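One file, target33.pdb, carrying PDB, C-alpha atoms and all ligand atoms:
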```
ATOM      1  CA  MET A   1      -9.077  48.083  33.350
ATOM      2  CA  ALA A   2     -11.525  47.311  36.194
ATOM      3  CA  GLY A   3     -10.259  44.800  38.745
ATOM      4  CA  TYR A   4     -12.745  42.013  38.207
ATOM      5  CA  ILE A   5     -10.522  39.358  39.753
ATOM      6  CA  THR A   6      -9.782  39.684  43.466
ATOM      7  CA  ASP A   7      -9.176  37.175  46.259
ATOM      8  CA  ASP A   8     -12.921  37.010  46.969
ATOM      9  CA  THR A   9     -14.061  36.926  43.346
ATOM     10  CA  LYS A  10     -17.272  34.894  43.003
ATOM     11  CA  LYS A  11     -17.769  32.549  40.042
ATOM     12  CA  VAL A  12     -20.592  33.421  37.662
ATOM     13  CA  THR A  13     -23.153  30.616  37.862
ATOM     14  CA  THR A  14     -26.086  29.584  35.696
ATOM     15  CA  ARG A  15     -28.297  30.878  38.519
ATOM     16  CA  ARG A  16     -26.580  34.283  38.348
ATOM     17  CA  LEU A  17     -27.268  34.437  34.591
ATOM     18  CA  LEU A  18     -30.961  33.824  35.274
ATOM     19  CA  GLU A  19     -30.954  36.651  37.845
ATOM     20  CA  MET A  20     -29.269  38.896  35.285
ATOM     21  CA  LYS A  21     -32.108  38.258  32.828
ATOM     22  CA  GLN A  22     -34.678  38.902  35.550
ATOM     23  CA  ASN A  23     -32.935  42.183  36.520
ATOM     24  CA  GLY A  24     -32.480  43.284  32.905
ATOM     25  CA  GLU A  25     -28.653  43.152  33.223
ATOM     26  CA  LYS A  26     -27.033  42.282  29.891
ATOM     27  CA  ILE A  27     -24.751  39.224  29.707
ATOM     28  CA  SER A  28     -21.349  39.482  27.981
ATOM     29  CA  MET A  29     -19.914  36.329  26.425
ATOM     30  CA  LEU A  30     -16.769  35.778  24.342
ATOM     31  CA  THR A  31     -14.910  32.743  23.084
ATOM     32  CA  ALA A  32     -11.425  31.736  24.229
ATOM     33  CA  TYR A  33      -9.354  28.706  23.280
ATOM     34  CA  ASP A  34      -6.105  29.101  25.249
ATOM     35  CA  TYR A  35      -4.871  29.891  28.775
ATOM     36  CA  THR A  36      -3.397  33.357  28.128
ATOM     37  CA  THR A  37      -6.446  34.657  26.274
ATOM     38  CA  ALA A  38      -8.712  33.191  28.971
ATOM     39  CA  LEU A  39      -6.776  35.133  31.650
ATOM     40  CA  ILE A  40      -7.291  38.379  29.706
ATOM     41  CA  VAL A  41     -10.967  37.766  28.843
ATOM     42  CA  ASP A  42     -11.794  36.779  32.440
ATOM     43  CA  GLY A  43      -9.810  39.690  33.870
ATOM     44  CA  ALA A  44     -11.695  42.138  31.634
ATOM     45  CA  GLY A  45     -14.997  41.083  33.206
ATOM     46  CA  VAL A  46     -16.660  38.878  30.593
ATOM     47  CA  ASP A  47     -19.486  36.898  32.243
ATOM     48  CA  VAL A  48     -19.386  33.732  30.119
ATOM     49  CA  ILE A  49     -16.405  32.265  28.260
ATOM     50  CA  LEU A  50     -17.273  29.867  25.465
ATOM     51  CA  VAL A  51     -14.670  27.354  24.376
ATOM     52  CA  GLY A  52     -16.342  27.229  20.991
ATOM     53  CA  ASP A  53     -15.781  24.639  18.325
ATOM     54  CA  SER A  54     -15.029  27.735  16.213
ATOM     55  CA  ALA A  55     -11.514  26.808  17.392
ATOM     56  CA  ALA A  56     -11.608  24.506  14.355
ATOM     57  CA  ASN A  57     -11.687  27.666  12.203
ATOM     58  CA  VAL A  58      -9.659  30.253  14.121
ATOM     59  CA  MET A  59      -7.087  28.007  15.809
ATOM     60  CA  ALA A  60      -6.744  25.115  13.369
ATOM     61  CA  GLY A  61      -7.575  26.770  10.028
ATOM     62  CA  HIS A  62     -10.390  24.423   8.993
ATOM     63  CA  ALA A  63     -13.153  25.724   6.708
ATOM     64  CA  THR A  64     -15.911  24.389   9.009
ATOM     65  CA  THR A  65     -16.337  23.224  12.612
ATOM     66  CA  VAL A  66     -17.014  19.651  11.480
ATOM     67  CA  PRO A  67     -13.386  18.403  11.900
ATOM     68  CA  MET A  68     -13.257  19.350  15.618
ATOM     69  CA  THR A  69     -12.630  16.228  17.715
ATOM     70  CA  LEU A  70     -13.519  15.522  21.329
ATOM     71  CA  ASP A  71      -9.832  15.161  22.294
ATOM     72  CA  ALA A  72      -8.910  18.522  20.732
ATOM     73  CA  MET A  73     -11.921  20.217  22.356
ATOM     74  CA  ILE A  74     -10.874  18.836  25.739
ATOM     75  CA  MET A  75      -7.318  20.156  25.258
ATOM     76  CA  TYR A  76      -8.542  23.674  24.377
ATOM     77  CA  ALA A  77     -11.125  23.687  27.185
ATOM     78  CA  ALA A  78      -8.789  22.455  29.928
ATOM     79  CA  SER A  79      -6.322  25.218  28.966
ATOM     80  CA  VAL A  80      -9.049  27.871  29.224
ATOM     81  CA  VAL A  81     -10.381  26.573  32.552
ATOM     82  CA  ARG A  82      -6.881  26.917  34.068
ATOM     83  CA  GLY A  83      -6.990  30.653  33.276
ATOM     84  CA  VAL A  84     -10.466  31.484  34.594
ATOM     85  CA  LYS A  85     -11.534  32.498  38.096
ATOM     86  CA  ARG A  86     -14.807  34.368  37.545
ATOM     87  CA  ALA A  87     -16.541  33.650  34.232
ATOM     88  CA  LEU A  88     -18.831  30.676  33.655
ATOM     89  CA  VAL A  89     -16.941  28.405  31.232
ATOM     90  CA  VAL A  90     -19.115  26.729  28.609
ATOM     91  CA  VAL A  91     -17.671  24.152  26.204
ATOM     92  CA  ASP A  92     -19.059  23.170  22.806
ATOM     93  CA  MET A  93     -19.768  19.482  22.290
ATOM     94  CA  PRO A  94     -18.141  18.783  18.886
ATOM     95  CA  PHE A  95     -19.908  17.534  15.767
ATOM     96  CA  GLY A  96     -20.926  13.872  15.963
ATOM     97  CA  THR A  97     -20.356  13.476  19.708
ATOM     98  CA  TYR A  98     -24.045  13.650  20.747
ATOM     99  CA  THR A  99     -25.950  11.974  17.926
ATOM    100  CA  ASN A 100     -27.710   9.700  20.444
ATOM    101  CA  PRO A 101     -28.356   9.946  24.200
ATOM    102  CA  VAL A 102     -25.885   7.197  25.211
ATOM    103  CA  ASP A 103     -22.918   8.706  23.314
ATOM    104  CA  GLY A 104     -24.061  12.182  24.321
ATOM    105  CA  VAL A 105     -24.019  11.464  28.056
ATOM    106  CA  ARG A 106     -20.729   9.505  27.873
ATOM    107  CA  ASN A 107     -18.965  12.281  25.949
ATOM    108  CA  ALA A 108     -20.511  15.054  28.047
ATOM    109  CA  VAL A 109     -19.275  13.401  31.248
ATOM    110  CA  ARG A 110     -15.787  13.125  29.704
ATOM    111  CA  VAL A 111     -15.684  16.832  28.845
ATOM    112  CA  MET A 112     -16.855  17.831  32.335
ATOM    113  CA  GLN A 113     -14.399  15.517  34.131
ATOM    114  CA  GLU A 114     -11.357  16.148  31.955
ATOM    115  CA  THR A 115     -11.683  19.944  31.594
ATOM    116  CA  GLY A 116     -13.289  21.161  34.828
ATOM    117  CA  CYS A 117     -15.652  23.389  32.804
ATOM    118  CA  ASP A 118     -19.023  24.568  34.144
ATOM    119  CA  ALA A 119     -21.447  23.729  31.325
ATOM    120  CA  LEU A 120     -21.787  22.440  27.774
ATOM    121  CA  LYS A 121     -23.357  23.819  24.594
ATOM    122  CA  LEU A 122     -25.117  21.623  22.024
ATOM    123  CA  GLU A 123     -26.466  22.638  18.621
ATOM    124  CA  GLY A 124     -30.034  21.740  17.631
ATOM    125  CA  GLY A 125     -33.656  21.604  18.748
ATOM    126  CA  SER A 126     -36.241  18.813  18.877
ATOM    127  CA  GLU A 127     -33.859  16.349  17.152
ATOM    128  CA  ILE A 128     -31.492  16.439  20.137
ATOM    129  CA  SER A 129     -33.914  17.214  22.974
ATOM    130  CA  GLU A 130     -33.843  13.645  24.380
ATOM    131  CA  THR A 131     -30.012  13.753  24.476
ATOM    132  CA  VAL A 132     -30.123  17.184  26.116
ATOM    133  CA  ARG A 133     -32.603  15.879  28.710
ATOM    134  CA  ARG A 134     -30.365  12.907  29.569
ATOM    135  CA  ILE A 135     -27.249  15.100  29.864
ATOM    136  CA  ILE A 136     -29.073  17.494  32.188
ATOM    137  CA  GLU A 137     -30.360  14.512  34.219
ATOM    138  CA  ALA A 138     -26.711  13.488  34.634
ATOM    139  CA  GLY A 139     -26.174  16.809  36.443
ATOM    140  CA  ILE A 140     -24.612  18.772  33.581
ATOM    141  CA  PRO A 141     -25.898  22.276  32.722
ATOM    142  CA  VAL A 142     -26.664  22.683  29.006
ATOM    143  CA  MET A 143     -26.819  25.793  26.820
ATOM    144  CA  GLY A 144     -28.811  25.380  23.591
ATOM    145  CA  HIS A 145     -27.842  26.786  20.179
ATOM    146  CA  LEU A 146     -30.416  27.485  17.444
ATOM    147  CA  GLY A 147     -30.616  29.410  14.168
ATOM    148  CA  LEU A 148     -27.404  29.089  12.179
ATOM    149  CA  THR A 149     -25.865  25.978  13.700
ATOM    150  CA  PRO A 150     -22.446  25.690  12.000
ATOM    151  CA  GLN A 151     -22.089  21.952  12.669
ATOM    152  CA  SER A 152     -24.963  21.475  10.150
ATOM    153  CA  ILE A 153     -23.292  23.524   7.401
ATOM    154  CA  HIS A 154     -23.273  20.576   5.011
ATOM    155  CA  LYS A 155     -27.052  20.237   5.521
ATOM    156  CA  PHE A 156     -27.723  24.006   5.113
ATOM    157  CA  GLY A 157     -25.179  24.507   2.297
ATOM    158  CA  THR A 158     -24.746  28.187   3.261
ATOM    159  CA  TYR A 159     -23.858  30.460   6.199
ATOM    160  CA  ALA A 160     -26.699  32.856   5.236
ATOM    161  CA  VAL A 161     -29.234  34.237   7.758
ATOM    162  CA  ARG A 162     -31.596  31.489   9.024
ATOM    163  CA  ALA A 163     -35.315  31.465   9.848
ATOM    164  CA  LYS A 164     -36.391  34.230   7.473
ATOM    165  CA  GLU A 165     -39.297  32.050   6.300
ATOM    166  CA  GLU A 166     -42.318  31.613   8.573
ATOM    167  CA  ALA A 167     -42.116  27.815   8.914
ATOM    168  CA  GLU A 168     -38.453  27.881  10.018
ATOM    169  CA  ALA A 169     -39.135  30.827  12.350
ATOM    170  CA  ARG A 170     -42.035  28.930  13.961
ATOM    171  CA  LYS A 171     -39.882  25.810  14.394
ATOM    172  CA  LEU A 172     -37.122  27.912  15.971
ATOM    173  CA  LEU A 173     -39.518  29.366  18.565
ATOM    174  CA  ASP A 174     -40.962  25.869  19.254
ATOM    175  CA  ASP A 175     -37.427  24.463  19.634
ATOM    176  CA  ALA A 176     -36.430  27.291  21.974
ATOM    177  CA  ARG A 177     -39.456  26.616  24.202
ATOM    178  CA  LEU A 178     -38.726  22.871  24.111
ATOM    179  CA  LEU A 179     -35.082  23.402  25.126
ATOM    180  CA  GLN A 180     -36.222  25.621  27.997
ATOM    181  CA  GLU A 181     -38.754  22.982  29.130
ATOM    182  CA  THR A 182     -36.052  20.312  28.818
ATOM    183  CA  GLY A 183     -33.955  22.273  31.307
ATOM    184  CA  CYS A 184     -31.420  24.313  29.293
ATOM    185  CA  PHE A 185     -30.184  27.258  31.359
ATOM    186  CA  SER A 186     -29.679  29.518  28.314
ATOM    187  CA  ILE A 187     -29.862  29.502  24.522
ATOM    188  CA  VAL A 188     -27.598  31.004  21.852
ATOM    189  CA  LEU A 189     -29.390  32.309  18.755
ATOM    190  CA  GLU A 190     -27.085  32.729  15.767
ATOM    191  CA  LYS A 191     -27.675  34.786  12.620
ATOM    192  CA  ILE A 192     -31.469  35.153  12.599
ATOM    193  CA  PRO A 193     -33.689  38.242  12.110
ATOM    194  CA  ALA A 194     -33.685  40.595  15.107
ATOM    195  CA  ALA A 195     -37.503  40.595  15.243
ATOM    196  CA  LEU A 196     -37.516  36.812  15.720
ATOM    197  CA  SER A 197     -34.897  36.992  18.509
ATOM    198  CA  ALA A 198     -37.050  39.633  20.214
ATOM    199  CA  GLN A 199     -39.945  37.157  20.300
ATOM    200  CA  ALA A 200     -37.675  34.480  21.806
ATOM    201  CA  VAL A 201     -36.291  36.909  24.408
ATOM    202  CA  ALA A 202     -39.824  37.974  25.413
ATOM    203  CA  GLY A 203     -41.244  34.453  25.417
ATOM    204  CA  LEU A 204     -38.505  32.651  27.352
ATOM    205  CA  SER A 205     -37.613  32.931  31.029
ATOM    206  CA  ILE A 206     -34.019  31.741  30.410
ATOM    207  CA  PRO A 207     -31.363  34.121  28.990
ATOM    208  CA  VAL A 208     -31.042  34.322  25.216
ATOM    209  CA  ILE A 209     -27.549  35.153  23.947
ATOM    210  CA  GLY A 210     -27.317  36.497  20.405
ATOM    211  CA  ILE A 211     -24.681  36.495  17.684
ATOM    212  CA  GLY A 212     -25.887  38.271  14.562
ATOM    213  CA  ALA A 213     -29.354  38.099  16.102
ATOM    214  CA  GLY A 214     -29.990  41.683  17.222
ATOM    215  CA  MET A 215     -30.696  42.775  20.795
ATOM    216  CA  CYS A 216     -30.938  39.805  23.175
ATOM    217  CA  ASP A 217     -30.351  39.210  26.908
ATOM    218  CA  GLY A 218     -26.652  39.005  26.076
ATOM    219  CA  GLN A 219     -24.189  38.919  23.192
ATOM    220  CA  VAL A 220     -21.421  36.541  22.150
ATOM    221  CA  LEU A 221     -18.596  37.080  19.649
ATOM    222  CA  VAL A 222     -15.569  35.077  18.610
ATOM    223  CA  VAL A 223     -12.673  36.778  20.425
ATOM    224  CA  ASP A 224     -10.261  36.700  17.461
ATOM    225  CA  ASP A 225     -12.927  38.363  15.275
ATOM    226  CA  MET A 226     -13.760  41.205  17.690
ATOM    227  CA  LEU A 227     -10.056  41.862  18.228
ATOM    228  CA  GLY A 228      -9.569  42.205  14.467
ATOM    229  CA  LYS A 229      -7.056  39.382  14.156
ATOM    230  CA  ASN A 230      -8.678  37.863  11.087
ATOM    231  CA  LYS A 231      -8.501  40.592   8.445
ATOM    232  CA  GLY A 232     -10.651  38.807   5.890
ATOM    233  CA  PHE A 233     -13.702  38.192   8.140
ATOM    234  CA  LYS A 234     -16.069  41.175   8.465
ATOM    235  CA  PRO A 235     -19.727  40.074   8.577
ATOM    236  CA  LYS A 236     -22.400  42.764   9.123
ATOM    237  CA  PHE A 237     -23.020  41.750  12.747
ATOM    238  CA  LEU A 238     -19.366  41.989  13.833
ATOM    239  CA  ARG A 239     -18.080  45.019  15.750
ATOM    240  CA  THR A 240     -14.269  45.086  15.985
ATOM    241  CA  TYR A 241     -12.660  46.670  19.057
ATOM    242  CA  ALA A 242      -9.013  46.470  17.986
ATOM    243  CA  ASP A 243      -6.888  45.888  14.912
ATOM    244  CA  LEU A 244      -4.683  43.113  16.266
ATOM    245  CA  HIS A 245      -3.812  42.061  12.732
ATOM    246  CA  ALA A 246      -2.079  45.420  12.201
ATOM    247  CA  VAL A 247      -0.636  45.572  15.743
ATOM    248  CA  MET A 248       0.845  42.076  15.517
ATOM    249  CA  THR A 249       2.103  42.466  11.945
ATOM    250  CA  ASP A 250       3.849  45.727  12.896
ATOM    251  CA  ALA A 251       5.387  44.282  16.089
ATOM    252  CA  ILE A 252       6.594  41.114  14.382
ATOM    253  CA  GLY A 253       7.945  43.110  11.428
ATOM    254  CA  ARG A 254       9.969  45.339  13.800
ATOM    255  CA  TYR A 255      11.308  42.237  15.596
ATOM    256  CA  VAL A 256      12.417  40.728  12.277
ATOM    257  CA  ALA A 257      14.143  44.011  11.342
ATOM    258  CA  ASP A 258      15.901  44.213  14.746
ATOM    259  CA  VAL A 259      17.162  40.618  14.476
ATOM    260  CA  LYS A 260      18.373  41.135  10.909
ATOM    261  CA  SER A 261      20.149  44.414  11.745
ATOM    262  CA  GLY A 262      21.797  42.986  14.860
ATOM    263  CA  ASP A 263      19.987  45.528  17.096
ATOM    264  CA  PHE A 264      18.380  42.691  19.146
ATOM    265  CA  PRO A 265      19.553  41.562  21.645
ATOM    266  CA  ASN A 266      21.423  44.549  23.087
ATOM    267  CA  GLY A 267      23.744  44.556  26.104
ATOM    268  CA  LYS A 268      20.843  44.686  28.624
ATOM    269  CA  GLU A 269      18.974  41.845  26.979
ATOM    270  CA  GLN A 270      21.535  39.132  27.692
ATOM    271  CA  TYR A 271      23.159  37.353  30.661
TER     272      TYR A 271
HETATM  273  O1  LIG B 301     -18.200  27.981  18.326
HETATM  274  C1  LIG B 301     -18.517  29.146  18.575
HETATM  275  O2  LIG B 301     -17.691  30.067  18.651
HETATM  276  C2  LIG B 301     -19.938  29.433  18.765
HETATM  277  C3  LIG B 301     -20.347  30.867  18.837
HETATM  278  C4  LIG B 301     -20.278  31.488  17.505
HETATM  279  C5  LIG B 301     -21.675  31.028  19.465
HETATM  280  O3  LIG B 301     -20.720  28.543  18.837
END
```
Written as structure tokens, how would this file's structure read?
Amino acid sequence: MAGYITDDTKKVTTRRLLEMKQNGEKISMLTAYDYTTALIVDGAGVDVILVGDSAANVMAGHATTVPMTLDAMIMYAASVVRGVKRALVVVDMPFGTYTNPVDGVRNAVRVMQETGCDALKLEGGSEISETVRRIIEAGIPVMGHLGLTPQSIHKFGTYAVRAKEEAEARKLLDDARLLQETGCFSIVLEKIPAALSAQAVAGLSIPVIGIGAGMCDGQVLVVDDMLGKNKGFKPKFLRTYADLHAVMTDAIGRYVADVKSGDFPNGKEQY
């Protein structure tokens, strides 16, 4: 594995991400929710680590991201920040914590102060642009998130591809431009047609990061999904790079067998 972390490792900044877009360098982004995974993801050279509210699904077993609380998000994010030297750490603002500018700024300041993260991500377009503007005015970098925005699942009623119809596609491009004008340093586009993402990538000066959105300035995946930990989850857009479900099941099964047979611990594995 390349040695991305050295004594003079420089942090990835929002400015660096902008340069990467300008130079045509692709941006790699993955989620992490705990210290040990953050160490590995950072050490492997990922540019942006997202402490996503997908932790509600993959860490806590909820069906949606709606139950994620601010306190839980802060606990996950602070753990990740302690493991990261290089990557830009972005934290999701949970459902219901930025429904108006006053709450949004108060909660955003709390996440920044209590986790030490570098930036926040908020889901939505024109409906939250005033909140986004106020958070950015408070000195906090914001990443937007459009397309399939999982916090609105009860409004959508489905996790199907978004913005296939012209009106929704037009609103998405308008929202993306608005978020850029409001000062967002980057935008995530989730589960939309690749042709629509291409228009956003071409029309925006800030980096567009895709998930199920075709070729963008960068890509993001949920780390547990790309490592193949969750056997049942295999959407079309997901590429898996390992079969951790099989690796872990095999390792744990052998441990159980060794304990049961009395093979573990042996003479060298005790004091
Ligand atoms: O919460 C999350 O993991 C996300 C990504 C899917 C972009 O928002």
Contact check, chain A to ligand LIG 301 (chain B), at most 6 Å, counting all atoms listed in the file, closest pairs as a Markdown table:
```
| residue | atom | partner | partner_atom | distance |
| --- | --- | --- | --- | --- |
| A:Thr31 | CA | B:LIG301 | O2 | 5.9 |
| A:Gly52 | CA | B:LIG301 | O1 | 3.3 |
| A:Asp53 | CA | B:LIG301 | O1 | 4.1 |
| A:Ser54 | CA | B:LIG301 | O1 | 3.8 |
| A:Val222 | CA | B:LIG301 | O2 | 5.4 |
```
Inset, instruction - Please indicate the distance in Å from atom CA of A:Pro207 to atom CA of A:Asp92, rounded to one decimal place. - result: 17.6 Å
Selection dump of the PyMOL selection byres (((chain A and resi 172-184) around 6) and not hetatm), as a PDB file with C-alpha atoms, in the coordinates of the input:
```pdb
ATOM      1  CA  GLY A 125     -33.656  21.604  18.748  1.00  0.00           C
ATOM      2  CA  SER A 126     -36.241  18.813  18.877  1.00  0.00           C
ATOM      3  CA  ARG A 133     -32.603  15.879  28.710  1.00  0.00           C
ATOM      4  CA  VAL A 142     -26.664  22.683  29.006  1.00  0.00           C
ATOM      5  CA  MET A 143     -26.819  25.793  26.820  1.00  0.00           C
ATOM      6  CA  ALA A 169     -39.135  30.827  12.350  1.00  0.00           C
ATOM      7  CA  ARG A 170     -42.035  28.930  13.961  1.00  0.00           C
ATOM      8  CA  LYS A 171     -39.882  25.810  14.394  1.00  0.00           C
ATOM      9  CA  PHE A 185     -30.184  27.258  31.359  1.00  0.00           C
ATOM     10  CA  SER A 186     -29.679  29.518  28.314  1.00  0.00           C
TER      11      SER A 186
END
```
Legend entry - Distance query A:Glu25 at most 12 Å, all atoms listed in the file, self and fewer than 3 positions along chain excluded, as a VMD selection string: chain A and resid 16 to 22 28 47 207 216 to 219
Per residue of stretch 110-221 of chain A within 9 Å of stretch 56-74 of chain A, which atom pair is closest and at what distance in Å (one decimal), using all atoms listed in the file, listed by chain and increasing number, as CSV?
```
residue,atom,partner,partner_atom,distance
A:Arg110,CA,A:Ile74,CA,8.5
A:Val111,CA,A:Ile74,CA,6.1
A:Met112,CA,A:Ile74,CA,9.0
A:Glu114,CA,A:Ile74,CA,6.8
A:Thr115,CA,A:Ile74,CA,6.0
A:Pro150,CA,A:Thr65,CA,6.6
A:Gln151,CA,A:Val66,CA,5.7
A:Ser152,CA,A:Val66,CA,8.3
A:Ile153,CA,A:Thr64,CA,7.6
```
Legend entry - Pick from A:Asp250, A:Glu168, A:Glu123, A:Asp34 nearest to A:Tyr76, counting only C-alpha atoms: A:Asp34
Legend entry - Nearby residues (only C-alpha atoms) at most 10 Å from stretch 6-8 of chain A, same-chain spacing under 4 positions excluded, as a list in words: Gly43, Lys85 and Arg86 of chain A
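Straight-line separation from atom CA of A:Arg134 to atom CA of A:Val90: 17.8 Å.
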Inset, instruction - Output the residue selection produced by the PyMOL selection byres (((chain A and resi 212) around 12) and not hetatm) on the file above, formatted as a PyMOL selection string. - result: chain A and resi 147-148+159-162+188-197+209-211+213-216+218-222+234-239
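Closest approach to A:Ile206 from the set A:Lys229, A:Ile5, A:Lys10, A:Arg15 is made by A:Arg15, with distances taken over all atoms listed in the file.
Our summary of the geometry notes that atom CA of A:Val51 is positioned 12.4 Å from atom CA of A:Arg82.
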Legend entry - Hits of the PyMOL selection byres (((chain A and resi 243) around 10) and not hetatm) in this structure, as a PyMOL selection string: chain A and resi 225-231+240-242+244-248
